[in-house]
Amino acid sequence: MNGLSLLAAGAGFGRELVFWVCAVLAVVGALGMLISRKAVHSALFLVLTMVNLAVLYISLSAAFLGMAQVIVYTGAVMMLFLFVLMVVGVDASDSHVETIKGQRWMALILGLGLGTLLVVAIGTGLSGVGAGGLATANAAYGGNIQGLAALLFGRYVLAFEVTSALLITAAMGAMVLAHRERANPRPSQRELSEARFRSDHPGMLPNPGIYARHNAVGTPGLLPDGTPSELTVPEILRGRSNAVPIADPDRTPIETGGEE
Amino acid sequence: MNGLLELTGMGAFGIDPWWLIIIKVLAVFVLLVLITLMTIWAERRIVGRMQHRIGPNRVGPFGLLQSLMDGIKLALKEEIFPSAAHKAVYILAPIISATAAFLTFAVIPFGPVVSIFGHQSPLQLTDFPVAVLYVLAIASTGIYGIVLAGWSSGSTYPLLGGLRSSAQMISYEIAMSLSFVAVFLYSGSMSTSQIVTAQQHFWYIVLLLPSFLIYATSMVGETNRAPFDLPEAEGELVGGFHTEYSSLKFALFFLAEYINMVTVSAMATTLFLGGWRIPYPLSAIDHGLLNTGWYPMLWWLVKVCLFIFVFIWLRGTLPRLRYDQFMQFGWKLLIPASIGWIVIVASVRAFRNEYSSSSRSLIIWVAAAFVVVMAVSYFWSAFVDNKRVADEFDDDDEDEADELSPFAGGFPVPPMPGQTFKEHARVGEVLFVTANSTPDEEATDG
């Protein structure tokens, strides 16, 4: 019929070929996700599985489902996963310490339970119900997408809305937890600029990592504990009079100094 | 002629012989590479002209072969692997990027059904009922290339660039897909060829102008082009996600960026500018002669080149946005505006479907609704203003008592209901003052 010409039109053989390629890749991806040590690699293997599932859906004439799978799961959900993994730090997940006691055993038991449940549910579903076929399903509402829309916004509208309410609640909860009330109003760019010019240092501040209040070559860099390091001043300058003396009181950190 | 009639609609797709499919695939590939080469050349020349320079003019006539030579130079350069890179992902990233860029063009219609070597076939590689969703899906896969490039380089600037771009592209993809919804509602289809057919009488840029404006803005954000080129902001992030890339792998990223530019332009053409159709006065010539045969490909190319020129123009004109302003613009302006517009379009469609199809009664209803909304908002604003004035009177008496210095106790605290902040010029100053003024407390605490 219509559909992806190469995939759908070649019906029999083409579909079988697509199945054997994509199914193998999907299983490889699933195994890779479980086995790989790095969290990012796991995420990438999961992406491989999802994309292959999407191709399988499309080859079975469920193009909309396939596209939704790629857009929602690959494009949005997994991307956010990757995002979090990158922000948190790549190696943070390498630790194998159990934070919750008995977590592994619980996971094993629950996993097995879920597996059994799935096998039983799918088994009964396959044996008990006869497949109506794509043509009958599409004919009911005049098209694949129309049929999906009718089910989502008709028969299952309550479940759909409840799910969306749950997701919105979760998002709102995350926002509330992460929200921080500003103690002072946020300075505007203009205010920042004016403050900078009124200060005694209108020029550029030294780069991050340089523990110094001035960025002239002759100024000694400060070590993390606040003491100036002689090594950071070029040897040629050290002997000359225009080098800043290391004992200059202006160069010692004022903020961290203290009563302790 | 009978064969031609049969080949309208979706029936025209999926029946090409294998040799024709290969020809079409090759043609799309070659076209994209050529457009990319020409776009790079045009960009350098046009931006040069805008900045009172000449631009590249040495290699070939008018410097036309410049980008080809640049490509050859890039290919001959040394490939560098950073020692901290994750090799497999590092190689995979540019491949994902470039592949995704090429894939999208499979569903772009270049023209109507024509005869190719005696075979009737549409000037489009393929089409299916959810083709526009396919474009979105491929675009979201393409982001992986950039994110993974940033991550796998094992370096700080690329990582930050990758993070920025993923956040940016996801945000702008939402606005972009929302702007498609109005088009779907009006055309009643998600297939690109059907959308072009639906624009036979009215281009959607006329009917759905807000959608077009939102799309045109978000497509610049989606392609990481100036003024939204924050992922590769030179002043902040060196080269962004591709800082550590060299040679052919860098060339692939470069290629992907330019193909993406062509792709979003082609999508804008397809969805809003009537695809390959020529505008009204010309389309009337000889009963639409200019909309048949191979001519439409020319109109398509002109429209796409127009968009590409605007891309270049923007780059030559506008300064880069600040990151937080850019994200605010996307989330707080584009997306809500898009949703509001969809609600309006959907209500109009629903109204026309349910009650009457005449536009006159629709206008009367809209006018009535407008009057009601204006009346409600007038009374509402009057009420709120009164209340605000009253509140101000109340505040005057207890101003002193309700003011809160956030750092008074040594820690920043939020205001209680009814309290207001005392504003301070600088945070540092406040801290200094508090630290000095309460030495007794510290002593007792310590």
# chains A, B, ... in the order shown; residues from 1 in each chain; ligands from 1
$ residues_around --residues "region 174-188 of chain B" --least-positions-apart "4" --cutoff "8 Å" --atoms "only C-alpha atoms" --output "number ranges by chain"
B: 136, 170, 194-195, 198-199, 204, 208, 211-212, 214-215, 218-219, 271, 330, 334-335, 338-339, 342, 345-346, 349
$ write_last_selection --atoms "N, CA and C atoms" --output "JSON list (two decimals), in the first residue's frame"
[["chain", "number", "residue", "atom", "x", "y", "z"],
["B", 136, "LEU", "N", 10.56, 15.07, 12.58],
["B", 136, "LEU", "CA", 10.82, 15.41, 13.98],
["B", 136, "LEU", "C", 11.63, 14.32, 14.67],
["B", 170, "ILE", "N", 16.16, 20.63, 22.48],
["B", 170, "ILE", "CA", 14.92, 20.04, 23.00],
["B", 170, "ILE", "C", 13.88, 21.13, 23.21],
["B", 194, "GLN", "N", 0.65, 15.47, 0.96],
["B", 194, "GLN", "CA", -0.74, 15.87, 1.17],
["B", 194, "GLN", "C", -0.83, 17.31, 1.66],
["B", 195, "ILE", "N", 0.15, 17.71, 2.49],
["B", 195, "ILE", "CA", 0.13, 19.08, 2.99],
["B", 195, "ILE", "C", 0.35, 20.05, 1.84],
["B", 198, "ALA", "N", -2.83, 20.29, -0.03],
["B", 198, "ALA", "CA", -3.84, 21.06, 0.69],
["B", 198, "ALA", "C", -3.63, 22.56, 0.53],
["B", 199, "GLN", "N", -2.42, 22.97, 0.11],
["B", 199, "GLN", "CA", -2.15, 24.40, -0.03],
["B", 199, "GLN", "C", -2.36, 24.89, -1.45],
["B", 204, "TYR", "N", -0.20, 28.27, 3.70],
["B", 204, "TYR", "CA", -0.45, 28.38, 5.14],
["B", 204, "TYR", "C", 0.27, 29.57, 5.77],
["B", 208, "LEU", "N", -2.02, 30.78, 8.46],
["B", 208, "LEU", "CA", -1.50, 30.47, 9.79],
["B", 208, "LEU", "C", -0.22, 31.24, 10.05],
["B", 211, "SER", "N", 1.79, 30.62, 13.31],
["B", 211, "SER", "CA", 2.52, 29.35, 13.28],
["B", 211, "SER", "C", 3.81, 29.49, 12.50],
["B", 212, "PHE", "N", 3.72, 30.18, 11.36],
["B", 212, "PHE", "CA", 4.91, 30.33, 10.53],
["B", 212, "PHE", "C", 5.98, 31.13, 11.28],
["B", 214, "ILE", "N", 6.43, 31.40, 14.49],
["B", 214, "ILE", "CA", 7.00, 30.57, 15.55],
["B", 214, "ILE", "C", 7.95, 29.55, 14.95],
["B", 215, "TYR", "N", 7.54, 28.95, 13.84],
["B", 215, "TYR", "CA", 8.42, 27.96, 13.21],
["B", 215, "TYR", "C", 9.71, 28.63, 12.73],
["B", 218, "SER", "N", 11.92, 29.17, 15.69],
["B", 218, "SER", "CA", 12.48, 27.99, 16.32],
["B", 218, "SER", "C", 13.39, 27.22, 15.37],
["B", 219, "MET", "N", 13.23, 27.42, 14.08],
["B", 219, "MET", "CA", 14.11, 26.66, 13.18],
["B", 219, "MET", "C", 15.53, 27.21, 13.25],
["B", 271, "LEU", "N", 5.66, 23.22, 4.47],
["B", 271, "LEU", "CA", 4.52, 23.37, 5.37],
["B", 271, "LEU", "C", 3.82, 24.71, 5.22],
["B", 330, "GLY", "N", 12.40, 31.01, 24.58],
["B", 330, "GLY", "CA", 11.81, 29.77, 24.09],
["B", 330, "GLY", "C", 10.67, 29.29, 24.96],
["B", 334, "LEU", "N", 7.72, 31.61, 23.17],
["B", 334, "LEU", "CA", 7.36, 30.81, 21.98],
["B", 334, "LEU", "C", 6.36, 29.71, 22.30],
["B", 335, "ILE", "N", 6.64, 28.93, 23.36],
["B", 335, "ILE", "CA", 5.78, 27.78, 23.64],
["B", 335, "ILE", "C", 4.38, 28.21, 24.09],
["B", 338, "SER", "N", 2.55, 29.57, 21.14],
["B", 338, "SER", "CA", 2.20, 28.47, 20.24],
["B", 338, "SER", "C", 0.95, 27.75, 20.73],
["B", 339, "ILE", "N", 0.93, 27.44, 22.04],
["B", 339, "ILE", "CA", -0.22, 26.72, 22.59],
["B", 339, "ILE", "C", -1.49, 27.56, 22.45],
["B", 342, "ILE", "N", -2.71, 27.45, 18.95],
["B", 342, "ILE", "CA", -3.32, 26.15, 18.61],
["B", 342, "ILE", "C", -4.74, 26.10, 19.15],
["B", 345, "VAL", "N", -6.91, 28.07, 16.79],
["B", 345, "VAL", "CA", -7.12, 27.37, 15.52],
["B", 345, "VAL", "C", -8.06, 26.19, 15.71],
["B", 346, "ALA", "N", -7.82, 25.42, 16.81],
["B", 346, "ALA", "CA", -8.65, 24.25, 17.04],
["B", 346, "ALA", "C", -10.10, 24.65, 17.29],
["B", 349, "ARG", "N", -11.69, 25.53, 14.03],
["B", 349, "ARG", "CA", -11.96, 24.34, 13.23],
["B", 349, "ARG", "C", -13.17, 23.59, 13.80]]
$ residues_around --residues "Glu79 (chain B)" --least-positions-apart "5" --cutoff "8 Å" --atoms "only C-alpha atoms" --output "ChimeraX atom specification"
/B:246-248
$ select_by_dssp --residues "region 87-215 of chain A" --states "alpha helix (DSSP H)" --output "PyMOL selection string"
chain A and resi 87-88+103-128+134-141+144-150+157-178+189-198
$ atom_distance --atom1 "CA of Phe105 (chain B)" --atom2 "CA of Thr263 (chain B)"
6.7 Å
$ closest_residue --among "A:Ser127, A:Thr232, A:Gln146, A:Thr136" --to "chain B" --atoms "only C-alpha atoms"
A:Gln146
$ residues_around --residues "Pro220 (chain A)" --least-positions-apart "2" --cutoff "6 Å" --atoms "only C-alpha atoms" --output "list of chain:residue names"
A:Pro228, A:Ser229, A:Thr232, A:Val233
$ atom_distance --atom1 "CA of Tyr323 (chain B)" --atom2 "CA of Ala178 (chain A)"
20.1 Å
$ select_by_dssp --residues "region 64-291 of chain B" --states "strand (DSSP E or B)" --output "list in words"
Gly111, Pro112, Val113, Val114, Ser115, Ile116, His119, Gln120, Ser121, Pro122 and Leu123 of chain B
$ closest_residue --among "A:Met106, A:Met172, A:Ala183, A:Leu114" --to "chain B" --atoms "only C-alpha atoms"
A:Ala183
$ residues_around --residues "region 120-123 of chain B" --least-positions-apart "3" --cutoff "6 Å" --atoms "only C-alpha atoms" --output "VMD selection string"
chain B and resid 110 to 115
$ write_last_selection --atoms "C-alpha atoms" --output "PDB file, in the first residue's frame"
ATOM      1  CA  PHE B 110      10.442  18.570  -4.766  1.00  0.00           C
ATOM      2  CA  GLY B 111       7.655  18.482  -7.311  1.00  0.00           C
ATOM      3  CA  PRO B 112       4.546  16.770  -8.638  1.00  0.00           C
ATOM      4  CA  VAL B 113       4.288  13.467 -10.473  1.00  0.00           C
ATOM      5  CA  VAL B 114       6.550  13.487 -13.537  1.00  0.00           C
ATOM      6  CA  SER B 115       7.725  10.996 -16.085  1.00  0.00           C
TER       7      SER B 115
END
$ atom_distance --atom1 "CA of Thr197 (chain B)" --atom2 "CA of Thr292 (chain B)"
12.8 Å
$ closest_residue --among "B:Ala137, B:Arg315, B:Ser377, B:Phe228" --to "Val55 (chain A)" --atoms "only C-alpha atoms"
B:Ala137
$ closest_residue --among "A:Phe13, A:Tyr73, A:Tyr57, A:Trp20" --to "chain B" --atoms "only C-alpha atoms"
A:Tyr73
$ residues_around --residues "Trp151 (chain B)" --least-positions-apart "3" --cutoff "9 Å" --atoms "only C-alpha atoms" --output "JSON list (two decimals) with N, CA and C atoms, in the first residue's frame"
[["chain", "number", "residue", "atom", "x", "y", "z"],
["A", 86, "MET", "N", 25.32, 13.45, 32.45],
["A", 86, "MET", "CA", 26.43, 14.35, 32.19],
["A", 86, "MET", "C", 26.56, 15.38, 33.30],
["A", 90, "VAL", "N", 30.17, 11.70, 34.98],
["A", 90, "VAL", "CA", 30.12, 10.44, 34.26],
["A", 90, "VAL", "C", 30.47, 9.25, 35.14],
["B", 85, "ALA", "N", 39.51, 10.90, 25.24],
["B", 85, "ALA", "CA", 38.25, 10.65, 24.52],
["B", 85, "ALA", "C", 37.82, 9.20, 24.67],
["B", 86, "HIS", "N", 36.49, 8.98, 24.64],
["B", 86, "HIS", "CA", 35.96, 7.61, 24.56],
["B", 86, "HIS", "C", 35.85, 7.29, 23.09],
["B", 89, "VAL", "N", 32.51, 6.14, 20.96],
["B", 89, "VAL", "CA", 31.47, 7.17, 20.93],
["B", 89, "VAL", "C", 31.98, 8.40, 20.17],
["B", 90, "TYR", "N", 33.27, 8.69, 20.34],
["B", 90, "TYR", "CA", 33.87, 9.84, 19.69],
["B", 90, "TYR", "C", 33.78, 9.72, 18.16],
["B", 146, "ILE", "N", 25.47, 15.59, 18.57],
["B", 146, "ILE", "CA", 26.09, 16.74, 19.24],
["B", 146, "ILE", "C", 26.36, 16.43, 20.71],
["B", 147, "VAL", "N", 25.37, 15.86, 21.38],
["B", 147, "VAL", "CA", 25.54, 15.57, 22.81],
["B", 147, "VAL", "C", 26.68, 14.59, 23.02],
["B", 148, "LEU", "N", 26.69, 13.52, 22.21],
["B", 148, "LEU", "CA", 27.73, 12.51, 22.39],
["B", 148, "LEU", "C", 29.10, 13.06, 22.03],
["B", 154, "GLY", "N", 35.92, 14.20, 26.21],
["B", 154, "GLY", "CA", 36.68, 14.18, 27.45],
["B", 154, "GLY", "C", 37.30, 15.51, 27.79],
["B", 155, "SER", "N", 36.56, 16.58, 27.50],
["B", 155, "SER", "CA", 37.11, 17.91, 27.73],
["B", 155, "SER", "C", 35.97, 18.81, 28.20],
["B", 156, "THR", "N", 36.31, 19.89, 28.87],
["B", 156, "THR", "CA", 35.27, 20.68, 29.53],
["B", 156, "THR", "C", 34.41, 21.47, 28.56],
["B", 158, "PRO", "N", 33.76, 21.20, 25.27],
["B", 158, "PRO", "CA", 32.78, 20.42, 24.49],
["B", 158, "PRO", "C", 31.64, 19.90, 25.33],
["B", 159, "LEU", "N", 31.94, 19.48, 26.57],
["B", 159, "LEU", "CA", 30.86, 18.96, 27.41],
["B", 159, "LEU", "C", 29.81, 20.05, 27.66],
["B", 160, "LEU", "N", 30.30, 21.25, 27.99],
["B", 160, "LEU", "CA", 29.36, 22.34, 28.23],
["B", 160, "LEU", "C", 28.58, 22.67, 26.96],
["B", 162, "GLY", "N", 27.89, 20.60, 24.55],
["B", 162, "GLY", "CA", 26.94, 19.53, 24.31],
["B", 162, "GLY", "C", 25.71, 19.68, 25.18],
["B", 163, "LEU", "N", 25.93, 20.02, 26.46],
["B", 163, "LEU", "CA", 24.80, 20.21, 27.37],
["B", 163, "LEU", "C", 23.91, 21.35, 26.89],
["B", 241, "PHE", "N", 30.76, 21.94, 21.03],
["B", 241, "PHE", "CA", 30.85, 20.48, 21.02],
["B", 241, "PHE", "C", 31.91, 19.95, 20.09]]
